[in-house]
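For reference, the structure discussed in these notes is given below.
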Amino acid sequence: MLPSPTIVVTRGPLGSAAAQVLEQVRAGGVLHRDEIVARTSLSVATVGRTVGQLVEAEILRQRPDRTRMGGVGRPGMPVEVNPVRFVAIGAHIGRRIATIALCDLAGTVVAHRTLERPSGESPDLAELSRAAAGLLGRSPDRVPLAAGLVAPFGELALDRARLGLEFHELTGLEVATADHIPAVVATEFLHRRQGAPGVTLYVYARDTIGFAVAVDKGVQTEVSRVGSLTHFPTRSAVECSCGRTGCLEAAAGDAATLTAAAATGLVPEPSIEKVYAAVDEPAIGALLRNRARTLGEAAAVVRDMVAPDRVVLVGQAFTGCEAVLDDIREGFHTATALGELPVSFTRFGDGIQAVAACTIGLGPVYDDPLGIVAKTGTR
Ligand SMILES: [Zn+2]
């Protein structure tokens with residue numbers, strides 16, 4: 001596992017005035033200036049000036065149709081994130097598929113493409129850059145501001161710093177990189193759109209299994225403390241590539257589940273979704289329930305070590321099969337020694353790779369919105 005630098009998901013009062021205003025408008029949708037003042041520690045004059053600069057830079061736009069009349073002084077015209085001017089580029093490298101996407105400054109993916117890639121080879125970033133240029137060519141009014149590069153770098157033995165630099169040289173943009181699991185966690189946190197004070201533990205399970213912790217530090221929230229659960233010991237007798245037996249990914253990862261299900265002869269094609277769909281077959285049901293309990297128990301042990309305020313289970317190995325959610329909960333509650341705790345499930349569709357890469361690509365924009373627009377030379 002690579003050392004995992006922190007991802008800042010909310011910046012709060014430590015950010016520049018522009019970063020604070022953009023963060024509040026992004027979270028709030030359409031906001032009046034007095035509402036921004038109330039949500040930040042900025043003065044009325046600073047908010048007024050900063051909103052003006054962000055509108056001038058086309059990062060925010062006015063919503064004259066939502067003008068508020070009445071009261072003293074000028075009528076208030078609220079602002080929202082300008083969804084049509086700028087984009088961030090997101091590139092996600094998976095084991096067999098690479099994804100390239102564009103998102104607007106509110107984080108909505110507006111275009112994406114997937115490309116097959118030969119398993120085990122170094123990713124072809126030049127091809128991904130050309131694909132990004134192709135997507136941009138279809139929306140000539142949009143200007144890219146920054147890019148994100150996300151991959152399970154450690155699992156795929158990829159050099160994160162070198163690839164980040166290469167992507168920067170190819171695109172000419174500031175490039176932020178992040179490992180897959182913390183990127184997914186940052187995405188979950190940002191798209192939930194409601195506060196999660198204290199410490200939130202996210203356990204992720206799909207192809208890979210791991211965890212990350214989001215810590216609300218009062219002034220900003222960071223995703224940090226990322227750990228791999230690939231070789232986490234379970235009671236399973238399955239052999240792992242590391243030479244030991246019972247490692248969590250070998251026992252309960254997608255590939256292991258697919259192999260075990262295929263051995264029953266009850267699944268028509270090698271797809272994990274087909275395995276979930278066959279849960280009513282007793283042999284498949286038993287396999288999935290056993291896996292669910294194993295995953296729930298592993299999440300409980302991590303919970304007991306981290307002692308978070310809440311646990312969120314993320315990834316299709318947790319959420320892909322409705323019928324076994326109770327088995328996951330039961331495994332968790334039986335194995336934890338620290339008493340009751342809220343456990344919730346977050347479901348992401350197939351688009352998670354695009355959204356997660358775009359979320360990381362928006363980081364440099366959210367950090368310094370005016371500075372990054374100035375660098376593009378569009379003004
Ligand atoms: Zn192992």
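Order determines the names: the first chain of the structure tokens is A, the second B, and so forth; residues in each chain are numbered 1 upward, and ligands are numbered 1 upward as they are shown.
The residue set within 6 Å of region 90-93 of chain A, counting only C-alpha atoms and dropping same-chain residues fewer than 2 places from it, reads A:Ala98, A:Thr99, A:Ile100, A:Ala101, A:Ala147, A:Gly148, A:Leu149, A:Val150, A:Ala151, A:Gln353, A:Ala357, A:Cys358, A:Gly361.
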Note to self: Taking 2 positions as the minimum chain separation for residues in the same chain, which residues sit within 6 Å of Phe232 (chain A) when counting only C-alpha atoms? Answer as a ChimeraX atom specification.
What the structure shows: /A:229-230,247-248
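Near ligand 1, the residues found within 9 Å are Thr230, His231, Phe232, Pro233, Glu239, Cys240, Ser241, Cys242, Gly243, Arg244, Thr245, Gly246, Cys247, Leu248, Glu249 and Ala250 of chain A (criterion computed using only C-alpha atoms and all ligand atoms).
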Item checked: Backbone-only DSSP, strand (DSSP E or B) members of region 203-238 of chain A, as a list in words ->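 DSSP on the backbone gives strand (DSSP E or B) at Val203, Tyr204, Ala205, Ile209, Gly210, Phe211, Ala212, Val213, Ala214, Val215, Asp216, Thr221, Glu222, Val223, Ser224, Arg225, Val226, Gly227, Ser228 and Pro233 of chain A.
Checking A:Pro270, A:Pro118, A:Pro144, A:Gly134 one by one against Thr171 (chain A), counting only C-alpha atoms, you find the shortest gap at A:Pro144.
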Note to self: Restricting the calculation to only C-alpha atoms: of A:Pro78, A:Pro268, A:Pro123, A:Pro140, which residue gets closest to Gly28 (chain A)?
What the structure shows: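 That would be A:Pro78, the residue with the smallest distance to Gly28 (chain A).
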Margin query: Using only C-alpha atoms for the distances, tell me which of A:Val84, A:Val355, A:Leu362, A:Val203 is nearest to Arg310 (chain A).
Written below: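 Residue with the minimum atom-to-atom distance to Arg310 (chain A): A:Val203.
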Margin query: I want to know what sits within 8 Å of Asp207 (chain A), based on only C-alpha atoms, with residues of the same chain fewer than 3 positions away left out; could you give that as number ranges by chain?
Written below: A: 249, 253-255
Notebook entry, point to check: Could you pull the residues within 8 Å of Phe167 (chain A), counting only C-alpha atoms, minus those fewer than 3 positions along the same chain, as a list of chain:residue names?
Noted result: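 Skipping anything fewer than 3 positions along the chain leaves A:Leu125, A:Ala126, A:Ser129, A:Leu149, A:Leu163, A:Gly164, A:Leu170, A:Thr171, A:Val175.
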